[in-house]
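Student: Would you mind keeping the following structure in view while I ask a few things?
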Amino acid sequence: MHTRTIAAELVAPAALMLTACEGTDTASSKPSSVQSANDQPPAAGNAPATDDKKTVTLPDMIGKGLQPAQDQAQAAGFYSLTSHDALGRGRMQAFDRNWKVCSQTSTPGEHPTDTKVDFATVKLEESCPATDEGAAPQAAGSTMPDFTSKSVKVARQALDSSTSITVAP
């Protein structure tokens with residue numbers, strides 16, 4: 001009985017809101033020969049622009065701290081920003097101020113503002129690697145990847161569910 005009462009209390013206001021929204025259609029009630037200024041199509045010179053992509057300059061962020069680099073990219077108009085561990089250790093850049101930018105995927109220069117910018121980063125006390133080891137997983141090959149100084153997360157990502165590892169006793 002209590003459930004029915006609660007259901008009735010919820011259904012009644014919803015039904016009232018739906019019927020309250022069903023007002024009279026004022027557009028169909030006016031004569032077809034009468035048009036307001038808003039009903040007319042735009043003039044040829046006033047047509048809305050179909051390409052709203054704005055192109056701006058992406059600055060060079062290499063050597064900067066991750067947080068200032070992200071701030072500068074956003075100030076320039078880029079909001080699709082990501083970052084990853086350049087050493088391939090799979091570490092998260094949770095505290096942006098503790099990381100520095102070693103490289104960026106979108107080169108400095110003119111780009112549309114919807115361009116994705118990815119920063120390869122290392123901790124402030126670390127040196128940047130010669131090549132970005134964390135950009136993409138290595139292709140599967142005939143040898144086992146070297147997981148020295150890598151996190152367990154990186155090892156799990158490299159080995160899919162179909163890979164079996166046998167450990168000798």
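In the structure tokens, chains take letters A, B, ... by order of appearance, with residues numbered from 1 within each chain and ligands from 1 in the order shown.
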Excluding A:Lys123 and residues on its chain fewer than 2 positions from it, collect all residues at most 12 Å away from it, counting only C-alpha atoms, and give them as number ranges by chain.
Tutor: A: 63-66, 84-87, 89, 91-102, 120-121, 125-129
Student: Just N, CA and C atoms for this one: save the residues we selected as an mmCIF file, in the first residue's frame.
Tutor:
data_model
loop_
_atom_site.group_PDB
_atom_site.id
_atom_site.type_symbol
_atom_site.label_atom_id
_atom_site.label_comp_id
_atom_site.auth_asym_id
_atom_site.auth_seq_id
_atom_site.Cartn_x
_atom_site.Cartn_y
_atom_site.Cartn_z
ATOM 1 N N GLY A 63 60.359 21.919 -22.427
ATOM 2 C CA GLY A 63 61.189 22.474 -21.357
ATOM 3 C C GLY A 63 60.391 23.167 -20.275
ATOM 4 N N LYS A 64 59.122 23.423 -20.495
ATOM 5 C CA LYS A 64 58.287 24.088 -19.497
ATOM 6 C C LYS A 64 57.717 23.060 -18.537
ATOM 7 N N GLY A 65 57.256 23.535 -17.406
ATOM 8 C CA GLY A 65 56.522 22.682 -16.488
ATOM 9 C C GLY A 65 55.191 22.290 -17.135
ATOM 10 N N LEU A 66 54.658 21.134 -16.749
ATOM 11 C CA LEU A 66 53.420 20.662 -17.362
ATOM 12 C C LEU A 66 52.256 21.606 -17.092
ATOM 13 N N HIS A 84 51.430 12.154 -21.067
ATOM 14 C CA HIS A 84 51.831 10.790 -20.730
ATOM 15 C C HIS A 84 53.279 10.785 -20.252
ATOM 16 N N ASP A 85 53.661 9.683 -19.631
ATOM 17 C CA ASP A 85 55.013 9.505 -19.098
ATOM 18 C C ASP A 85 55.956 9.191 -20.259
ATOM 19 N N ALA A 86 56.898 10.073 -20.535
ATOM 20 C CA ALA A 86 57.820 9.896 -21.663
ATOM 21 C C ALA A 86 58.783 8.741 -21.457
ATOM 22 N N LEU A 87 58.967 8.295 -20.214
ATOM 23 C CA LEU A 87 59.859 7.179 -19.951
ATOM 24 C C LEU A 87 59.162 5.835 -20.109
ATOM 25 N N ARG A 89 56.825 4.475 -18.250
ATOM 26 C CA ARG A 89 56.576 3.788 -16.982
ATOM 27 C C ARG A 89 55.099 3.768 -16.618
ATOM 28 N N ARG A 91 53.211 6.144 -15.477
ATOM 29 C CA ARG A 91 52.864 6.953 -14.310
ATOM 30 C C ARG A 91 51.862 8.033 -14.711
ATOM 31 N N MET A 92 50.925 8.297 -13.820
ATOM 32 C CA MET A 92 49.924 9.333 -14.050
ATOM 33 C C MET A 92 50.503 10.693 -13.659
ATOM 34 N N GLN A 93 50.135 11.718 -14.379
ATOM 35 C CA GLN A 93 50.604 13.069 -14.078
ATOM 36 C C GLN A 93 49.559 13.761 -13.187
ATOM 37 N N ALA A 94 49.317 13.184 -12.011
ATOM 38 C CA ALA A 94 48.281 13.688 -11.116
ATOM 39 C C ALA A 94 48.627 15.079 -10.589
ATOM 40 N N PHE A 95 49.868 15.280 -10.222
ATOM 41 C CA PHE A 95 50.304 16.590 -9.742
ATOM 42 C C PHE A 95 51.083 17.255 -10.871
ATOM 43 N N ASP A 96 50.388 18.059 -11.676
ATOM 44 C CA ASP A 96 50.955 18.650 -12.885
ATOM 45 C C ASP A 96 52.232 19.445 -12.611
ATOM 46 N N ARG A 97 52.329 20.033 -11.460
ATOM 47 C CA ARG A 97 53.462 20.907 -11.158
ATOM 48 C C ARG A 97 54.753 20.124 -10.921
ATOM 49 N N ASN A 98 54.670 18.789 -10.782
ATOM 50 C CA ASN A 98 55.852 17.960 -10.550
ATOM 51 C C ASN A 98 56.431 17.398 -11.843
ATOM 52 N N TRP A 99 55.897 17.798 -12.989
ATOM 53 C CA TRP A 99 56.305 17.233 -14.279
ATOM 54 C C TRP A 99 56.750 18.335 -15.226
ATOM 55 N N LYS A 100 57.641 17.993 -16.154
ATOM 56 C CA LYS A 100 58.071 18.937 -17.193
ATOM 57 C C LYS A 100 57.850 18.302 -18.560
ATOM 58 N N VAL A 101 57.703 19.136 -19.569
ATOM 59 C CA VAL A 101 57.411 18.692 -20.928
ATOM 60 C C VAL A 101 58.711 18.410 -21.679
ATOM 61 N N CYS A 102 58.809 17.196 -22.244
ATOM 62 C CA CYS A 102 59.969 16.818 -23.057
ATOM 63 C C CYS A 102 59.680 16.986 -24.538
ATOM 64 N N ALA A 120 54.587 14.785 -23.797
ATOM 65 C CA ALA A 120 55.404 13.716 -23.237
ATOM 66 C C ALA A 120 56.176 14.342 -22.079
ATOM 67 N N THR A 121 56.010 13.784 -20.881
ATOM 68 C CA THR A 121 56.552 14.420 -19.687
ATOM 69 C C THR A 121 57.409 13.476 -18.855
ATOM 70 N N GLU A 125 62.869 16.159 -11.589
ATOM 71 C CA GLU A 125 64.246 15.758 -11.285
ATOM 72 C C GLU A 125 64.822 14.782 -12.302
ATOM 73 N N GLU A 126 64.043 14.323 -13.271
ATOM 74 C CA GLU A 126 64.499 13.361 -14.267
ATOM 75 C C GLU A 126 64.931 14.066 -15.555
ATOM 76 N N SER A 127 65.733 13.375 -16.341
ATOM 77 C CA SER A 127 66.163 13.890 -17.641
ATOM 78 C C SER A 127 65.227 13.353 -18.718
ATOM 79 N N CYS A 128 65.017 14.144 -19.732
ATOM 80 C CA CYS A 128 64.175 13.719 -20.851
ATOM 81 C C CYS A 128 64.881 12.629 -21.648
ATOM 82 N N PRO A 129 64.158 11.588 -22.076
ATOM 83 C CA PRO A 129 64.781 10.540 -22.881
ATOM 84 C C PRO A 129 65.043 11.027 -24.298
#
Student: Choose the residue, out of A:Leu81, A:Val56, A:Ile62, A:Ala75, that has the smallest atom-to-atom separation from A:Val117; count only C-alpha atoms.
Tutor: A:Leu81
Student: Quote the spacing between atom CA of A:Lys54 and atom CA of A:Thr115 in Å to one decimal place.
Tutor: 10.4 Å
Student: Distance atom CA of A:Glu110-atom CA of A:Gln74, one decimal place?
Tutor: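 Computing it gives 14.6 Å between the two atoms.
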